[in-house]
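Structure, as structure tokens:
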Amino acid sequence: MNGLGRIVGALGVVMTMAWQPASAQPTGEVEILNWLGGADAAVINELAKGFEAKYPGVTIKQVPVTTSGDQRGGIRTALLGGQKVDLIISAWPAFRKELADAGMLRDVSSVWTEKNWDKLLSPTWRALSTTDGAVYGVPYIFGYRSGIWHVPADLQKIGLQAFPADWNGFTGTFEPLRKAGFAEPVALPGKIYAHGEWFESLLLRVGGPEVIDDLAAHKIKWTDERLVKALQFYSDMMAKGCCASAQTILASHWDDAADRVFVDRTANYLLIGMWINARARSQYHLVPGKDYALGKFPAIGLGHDNDSLVDSKEVLATSLGANPEGADLFLDYLVNGEGAGIIAKAGFTVPSSAVDVSAYDPVAASSVDYVKEGQVRFVLGDMLPGQLVDEYRVALQKFVANPVEAQIMPTLEQIEAVAAQSY
Amino acid sequence: MNSGISGAAMTSAGAMAAGRKPRRQVSQPMAAFALLTPVVLLFGLSVIYPLFETIRISFWQIRGLGKPSYVGIDNYVRLFTDPTFLGTLWTTLIFTLGVTILSVSIGWFLAMLCAFAPKQTAVFRLMIFATFGISEAVAGYIWIGIFRPGESGLLNGMLIAVGLGDWSQAWLGSGTSALVALIVAASWSAVGLPLLLSFAAVQTIPRTVLEAAQMDGAKPLAVVWYIMMPLSTAGARVAIFINLLSALRAFDIIFVLTNGGPARATETVGFFMYRESMTQFNLGYGAAATIVLLVAVLIVAIPAIAQRTKGAK
């Protein structure tokens with residue numbers, strides 16, 4: 001081969017080498033079924049923008065689902081109507097299982113290993129993302145749900161410098177708070193679902209993550225003694241004068257209750273998700289960590305005092321879409337620094353450890369610390385089948401209206417009767 | 001392009017006059033058929049097809065995205081043995097009658113009052129009728145503000161301001177008060193139509209009849225009771241029919257104001273249908289509830305339509 005031939009040959013090799021990685025890079029459109037609104041939707045828009053800038057060959061097409069109330073109805077309608085998407089945003093493990101059972105999801109376990117997501121997502125998050133041994137996507141936002149919102153300045157009125165750490169200490173504040181002029185130490189919103197938050201965190205403290213798992217899968221009955229115990233704690237809290245009248249509880253939505261804690265300052269404690277953080281900042285104009293804080297759900301000494309309940313939003317890979325490579329690339333983008341950074345910058349807490357925690361405000365940072373202390377489970381309501389979760393909430397409403405010992409077993413039996421037909 | 005009978009005839013005459021071969025005339029039934037076809041097609045696609053599909057689905061058990069299974073009339077049997085559904089039937093009956101009676105009686109009464117001074121009450125009538133144009137969801141949010149628990153609720157705030165603080169309560173927190181609150185809120189939205197229709201009916205009463213009554217010494221109340229009310233029943237009857245059907249199918253205001261609670265105390269058949277179909281995605285069971293609601297609507301609508309069209313030519 002002469003000199004020119006060698007040069008041409010070498011150029012050919014170089015060009016081939018240069019060409020190959022480019023051709024391996026996914027291209028085309030990645031369709032994502034998106035039902036989110038407000039700040040959540042804005043984050044997806046930012047993520048799409050960042051992703052497209054990083055991978056110019058791939059575009060994110062958001063397919064909106066518009067529905068009121070439970071978003072799962074709209075998602076099901078879209079999918080049954082033949083909508084072919086690569087990715088679905090979900091917030092409900094029970095719904096993830098429904099999608100998986102219908103053969104609509106794609107197992108990304110091998111992608112998880114290949115892209116080394118274990119480095120950034122702890123085994124806990126992998127476990128929370130697993131359905132029947134398969135992983136179908138990645139969690140990208142989470143919210144601590146065992147945290148009690150309060151105004152430290154109001155607790156200082158009865159001499160409390162820190163949020164009560166244990167149950168007796170917590171319930172022991174009710175009387176002094178009432179004497180200090182607060183109408184209801186605990187603002188308990190029972191209109192739709194939020195009254196279940198107290199039961200679920202009490203159940204976690206009593207029975208640990210196992211009882212949540214077993215109950216969600218109906219491996220144990222709702223009449224199990226650990227559930228009885230949890231309702232006894234609930235009853236104890238109400239007997240000690242935690243709350244307003246049953247009529248006020250059942251008429252209150254979580255936003256009414258939040259107003260009473262943060263605006264009217266007639267109530268002290270509110271157990272609800274992390275979305276209060278955004279509301280407190282943007283609507284009440286309060287400073288996190290100074291004007292309001294998040295306390296860890298009190299310890300009751302049964303061995304599960306550091307465990308937490310969370311909610312989470314995840315992006316699931318489907319078996320329906322035309323661009324699985326592009327979809328996997330987007331999942332990877334969510335887990336890694338750039339995507340996770342965009343989410344954290346928007347004020348959300350992120351499962352990925354690729355985020356610098358100093359970016360969080362003091363309240364969000366404390367929630368991340370609480371979650372790191374122990375085992376984590378999804379809120380029970382999101383893990384139950386639709387029919388059961390409805391009945392469970394209604395039965396608890398009836399219990400809250402009459403929270404006496406004699407009502408505990410009838411309440412649990414009522415739920416168990418529906419659970420027996422729901423799986 | 002000319003179409004229809006007269007158009008075709010004119011085209012034909014014009015063509016003969018011009019010495020051209022006349023176009024074929026379209027027969028009357030053919031033209032009617034042609035004109036009706038788009039409407040029938042649209043009606044079939046948007047009403048008849050979904051109706052038959054709903055009936056078909058009601059014989060299947062469909063749980064979420066799972067595989068459907070044929071269950072015959074099981075969904076209907078289950079419905080009428082389901083205490084929750086039977087409860088919603090009672091709630092629907094109370095809600096429907098409550099809203100219809102309250103809205104029509106208030107609307108009719110206001111129409112009588114307005115009839116004494118039609119010009120002076122025009123703005124007042126317009127304001128009340130405007131509530132009819134407000135979506136039920138928006139009305140629901142307005143009433144949430146009114147019924148809010150605590151002093152921040154408008155109703156409680158007003159009661160406290162006038163010294164009736166003992167009466168203030170969490171209106172949406174007990175089954176009975178929530179249902180009453182819901183009836184009041186839905187009636188507020190529905191009062192405009194009876195007012196408008198009854199007022200229009202009163203306007204058709206010949207002035208000579210009213211003048212004759214006054215000359216005979218009838219007092220205003222007697223004029224209302226013996227002349228205006230009996231002679232304006234046609235308007236009120238139409239309003240009863242429309243408001244009855246609207247209340248029977250109500251959903252939005254219930255969804256926003258009470259979400260069917262507390263503990264399902266304000267859940268009507270319409271809301272039950274939504275919860276089963278869209279929240280729990282029991283499409284077959286929800287479809288069966290839909291058919292029951294449809295039958296209820298037809299039981300009300302058919303006699304009313306038959307009665308209204310009896311004298312029609």
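Residue numbering restarts at 1 in every chain; chains get A, B, ... in the order shown in the structure tokens, and ligands count up from 1 in that same order.
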
Skipping near chain neighbours, those fewer than 2 positions away, what residues fall within 8 Å of Ile253 of chain B using only C-alpha atoms, listed as a PDB file with N, CA, C and O atoms, in the first residue's frame?
ATOM      1  N   GLU B 136     -71.330  24.699  37.203  1.00  0.00           N
ATOM      2  CA  GLU B 136     -71.580  24.109  38.523  1.00  0.00           C
ATOM      3  C   GLU B 136     -70.297  23.995  39.334  1.00  0.00           C
ATOM      4  O   GLU B 136     -70.313  24.107  40.559  1.00  0.00           O
ATOM      5  N   ALA B 137     -69.185  23.767  38.647  1.00  0.00           N
ATOM      6  CA  ALA B 137     -67.908  23.644  39.358  1.00  0.00           C
ATOM      7  C   ALA B 137     -67.546  24.975  40.011  1.00  0.00           C
ATOM      8  O   ALA B 137     -67.139  25.030  41.175  1.00  0.00           O
ATOM      9  N   ALA B 139     -69.647  27.364  40.778  1.00  0.00           N
ATOM     10  CA  ALA B 139     -70.622  27.567  41.867  1.00  0.00           C
ATOM     11  C   ALA B 139     -70.182  26.777  43.107  1.00  0.00           C
ATOM     12  O   ALA B 139     -70.276  27.276  44.234  1.00  0.00           O
ATOM     13  N   GLY B 140     -69.676  25.585  42.878  1.00  0.00           N
ATOM     14  CA  GLY B 140     -69.202  24.755  43.987  1.00  0.00           C
ATOM     15  C   GLY B 140     -68.099  25.452  44.771  1.00  0.00           C
ATOM     16  O   GLY B 140     -68.120  25.471  46.000  1.00  0.00           O
ATOM     17  N   LEU B 182     -75.700  21.246  50.212  1.00  0.00           N
ATOM     18  CA  LEU B 182     -75.568  20.915  48.789  1.00  0.00           C
ATOM     19  C   LEU B 182     -76.852  21.291  48.033  1.00  0.00           C
ATOM     20  O   LEU B 182     -76.788  21.843  46.921  1.00  0.00           O
ATOM     21  N   ALA B 186     -76.956  24.001  45.043  1.00  0.00           N
ATOM     22  CA  ALA B 186     -77.425  23.612  43.705  1.00  0.00           C
ATOM     23  C   ALA B 186     -78.669  24.398  43.322  1.00  0.00           C
ATOM     24  O   ALA B 186     -78.861  24.756  42.149  1.00  0.00           O
ATOM     25  N   ALA B 250     -76.907  15.580  38.397  1.00  0.00           N
ATOM     26  CA  ALA B 250     -75.898  16.476  38.983  1.00  0.00           C
ATOM     27  C   ALA B 250     -74.612  15.717  39.326  1.00  0.00           C
ATOM     28  O   ALA B 250     -74.649  14.586  39.789  1.00  0.00           O
ATOM     29  N   PHE B 251     -73.497  16.368  39.075  1.00  0.00           N
ATOM     30  CA  PHE B 251     -72.215  15.768  39.446  1.00  0.00           C
ATOM     31  C   PHE B 251     -71.204  16.839  39.898  1.00  0.00           C
ATOM     32  O   PHE B 251     -70.671  16.765  41.004  1.00  0.00           O
ATOM     33  N   PHE B 255     -69.060  17.030  43.340  1.00  0.00           N
ATOM     34  CA  PHE B 255     -67.630  16.710  43.278  1.00  0.00           C
ATOM     35  C   PHE B 255     -66.808  17.801  43.964  1.00  0.00           C
ATOM     36  O   PHE B 255     -65.913  17.519  44.757  1.00  0.00           O
ATOM     37  N   VAL B 256     -67.160  19.057  43.661  1.00  0.00           N
ATOM     38  CA  VAL B 256     -66.368  20.160  44.195  1.00  0.00           C
ATOM     39  C   VAL B 256     -66.696  20.430  45.669  1.00  0.00           C
ATOM     40  O   VAL B 256     -65.792  20.593  46.493  1.00  0.00           O
ATOM     41  N   LEU B 257     -67.974  20.448  45.990  1.00  0.00           N
ATOM     42  CA  LEU B 257     -68.371  20.907  47.323  1.00  0.00           C
ATOM     43  C   LEU B 257     -68.153  19.852  48.403  1.00  0.00           C
ATOM     44  O   LEU B 257     -67.608  20.152  49.469  1.00  0.00           O
TER      45      LEU B 257
END

Interface, chain B side, toward chain A (12 Å; only C-alpha atoms) as a PyMOL selection string
chain B and resi 62-68+82+84+137+144-145+147-153+168-178+181+252+255-265+271-272+274-283+285

Contacts of Leu298 of chain B within 12 Å, only C-alpha atoms, excl. fewer than 5 positions in-chain, as number ranges by chain:
B: 241, 244-245, 248-249, 291-293, 303-306

Among the residues of segment 252-404 of chain A, find those DSSP assigns to strand (DSSP E or B) from the backbone and print them as number ranges by chain.
A: 267-271, 288, 292-296, 299, 308-318, 349, 376-378

Apply DSSP to the backbone of this structure and, from segment 10-244 of chain A, keep only the residues in alpha helix (DSSP H); write these as a ChimeraX atom specification.
/A:10-24,38-54,71-80,93-101,109-114,123-128,152-156,167-171,174-179,195-216,225-239

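Atom CA of Ala216 of chain A sits 28.1 Å away from atom CA of Ile32 of chain A.
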
Excluding segment 188-192 of chain B and any residue of its chain fewer than 5 positions from it, enumerate the residues within 8 Å of it, using only C-alpha atoms, and give them as a PyMOL selection string.
chain B and resi 99+103-104+106-107+125+128-132+134+136+139+243

Output for the residues just chosen: C-alpha atoms as a compact mmCIF listing (two decimals), in the first residue's frame:
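Saved result, selection.txt, follows:
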# COMPACT_ATOMS: atom_id res chain seq x y z
CA VAL B 99 -83.29 21.15 44.49
CA SER B 103 -85.35 26.35 43.02
CA VAL B 104 -88.73 26.34 41.28
CA ILE B 106 -88.18 30.49 44.83
CA GLY B 107 -87.92 31.25 41.11
CA ARG B 125 -83.75 39.41 37.14
CA ILE B 128 -80.41 36.06 39.30
CA PHE B 129 -80.55 34.49 35.87
CA ALA B 130 -76.78 34.94 35.55
CA THR B 131 -76.33 32.21 38.18
CA PHE B 132 -77.81 29.82 35.63
CA ILE B 134 -72.24 29.90 35.99
CA GLU B 136 -71.58 24.11 38.52
CA ALA B 139 -70.62 27.57 41.87
CA ASN B 243 -84.49 21.36 36.90

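Atom pair atom CA of Leu36 of chain A / atom CA of Gly273 of chain A has a distance of 16.6 Å (rounded to one decimal).
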
Write out as a list of chain:residue names the residues lying within 12 Å of Ala48 of chain A, counting only C-alpha atoms and excluding same-chain residues fewer than 5 positions away.
A:Glu29, A:Val30, A:Glu31, A:Ile32, A:Asn34, A:Ala41, A:Ala42, A:Val43, A:Ala53, A:Lys54, A:Tyr55, A:Pro56, A:Val58, A:Thr59, A:Ile60, A:Lys61, A:Gln62, A:Ala327, A:Leu329, A:Phe330, A:Leu331, A:Tyr333, A:Leu334, A:Glu338, A:Gly339, A:Ile342, A:Ile343

As a PyMOL selection string, please: the residues near Asn268 of chain A (cut-off 7 Å, only C-alpha atoms, same-chain neighbours under 5 positions excluded).
chain A and resi 150-151+185-187+261

I'd like the neighbourhood of segment 126-136 of chain A as a ChimeraX atom specification, where a residue qualifies if any of its atoms comes within 8 Å (using only C-alpha atoms), though same-chain residues fewer than 4 positions away should be ignored.
/A:93,96-97,100,105-109,118,121-122,316-318,377-378

Please save N, CA, C and O atoms of the selected residues as a tab-separated table (two decimals), in the first residue's frame.
chain	number	residue	atom	x	y	z
A	93	PRO	N	-47.82	2.99	43.44
A	93	PRO	CA	-47.31	1.63	43.23
A	93	PRO	C	-48.41	0.65	42.80
A	93	PRO	O	-48.15	-0.24	41.98
A	96	ARG	N	-48.85	1.06	39.21
A	96	ARG	CA	-47.70	0.48	38.49
A	96	ARG	C	-47.93	-1.02	38.30
A	96	ARG	O	-47.71	-1.57	37.22
A	97	LYS	N	-48.43	-1.67	39.35
A	97	LYS	CA	-48.69	-3.12	39.25
A	97	LYS	C	-49.80	-3.41	38.23
A	97	LYS	O	-49.70	-4.36	37.45
A	100	ALA	N	-48.26	-3.11	34.91
A	100	ALA	CA	-47.36	-4.25	34.66
A	100	ALA	C	-48.18	-5.50	34.36
A	100	ALA	O	-47.86	-6.25	33.42
A	105	LEU	N	-45.83	-2.37	30.68
A	105	LEU	CA	-44.55	-1.81	31.13
A	105	LEU	C	-43.38	-2.66	30.65
A	105	LEU	O	-43.53	-3.85	30.37
A	106	ARG	N	-42.24	-2.03	30.60
A	106	ARG	CA	-41.01	-2.70	30.16
A	106	ARG	C	-40.04	-2.78	31.34
A	106	ARG	O	-39.78	-1.76	31.99
A	107	ASP	N	-39.55	-3.97	31.59
A	107	ASP	CA	-38.60	-4.18	32.69
A	107	ASP	C	-37.27	-3.51	32.36
A	107	ASP	O	-36.66	-3.83	31.34
A	108	VAL	N	-36.84	-2.59	33.21
A	108	VAL	CA	-35.58	-1.89	32.94
A	108	VAL	C	-34.48	-2.32	33.93
A	108	VAL	O	-33.50	-1.60	34.12
A	109	SER	N	-34.65	-3.51	34.50
A	109	SER	CA	-33.65	-4.00	35.46
A	109	SER	C	-32.25	-4.03	34.85
A	109	SER	O	-31.27	-3.62	35.48
A	118	ASP	N	-27.48	2.15	40.56
A	118	ASP	CA	-27.29	1.81	41.97
A	118	ASP	C	-26.36	2.79	42.68
A	118	ASP	O	-26.45	2.95	43.90
A	121	LEU	N	-29.02	5.75	43.23
A	121	LEU	CA	-30.29	5.45	43.90
A	121	LEU	C	-30.05	4.30	44.88
A	121	LEU	O	-29.59	3.23	44.48
A	122	SER	N	-30.37	4.55	46.14
A	122	SER	CA	-30.08	3.57	47.18
A	122	SER	C	-30.94	2.32	46.98
A	122	SER	O	-31.95	2.35	46.26
A	316	LEU	N	-42.13	5.72	34.34
A	316	LEU	CA	-42.14	4.29	34.00
A	316	LEU	C	-41.92	4.10	32.50
A	316	LEU	O	-42.47	4.85	31.69
A	317	ALA	N	-41.13	3.08	32.17
A	317	ALA	CA	-40.91	2.76	30.75
A	317	ALA	C	-42.00	1.81	30.29
A	317	ALA	O	-42.34	0.86	31.00
A	318	THR	N	-42.54	2.08	29.13
A	318	THR	CA	-43.61	1.21	28.63
A	318	THR	C	-43.10	0.25	27.57
A	318	THR	O	-42.02	0.44	27.00
A	377	ARG	N	-41.12	3.43	53.28
A	377	ARG	CA	-42.21	2.79	52.54
A	377	ARG	C	-43.12	3.85	51.94
A	377	ARG	O	-43.21	4.96	52.44
A	378	PHE	N	-43.81	3.44	50.88
A	378	PHE	CA	-44.83	4.31	50.29
A	378	PHE	C	-45.99	4.47	51.25
A	378	PHE	O	-46.26	3.56	52.05

Using only C-alpha atoms, pick whichever of A:Val85, A:Val206, A:Asp224, A:Gly50 has the shortest atom-to-atom distance to Asn323 of chain A.
A:Val85
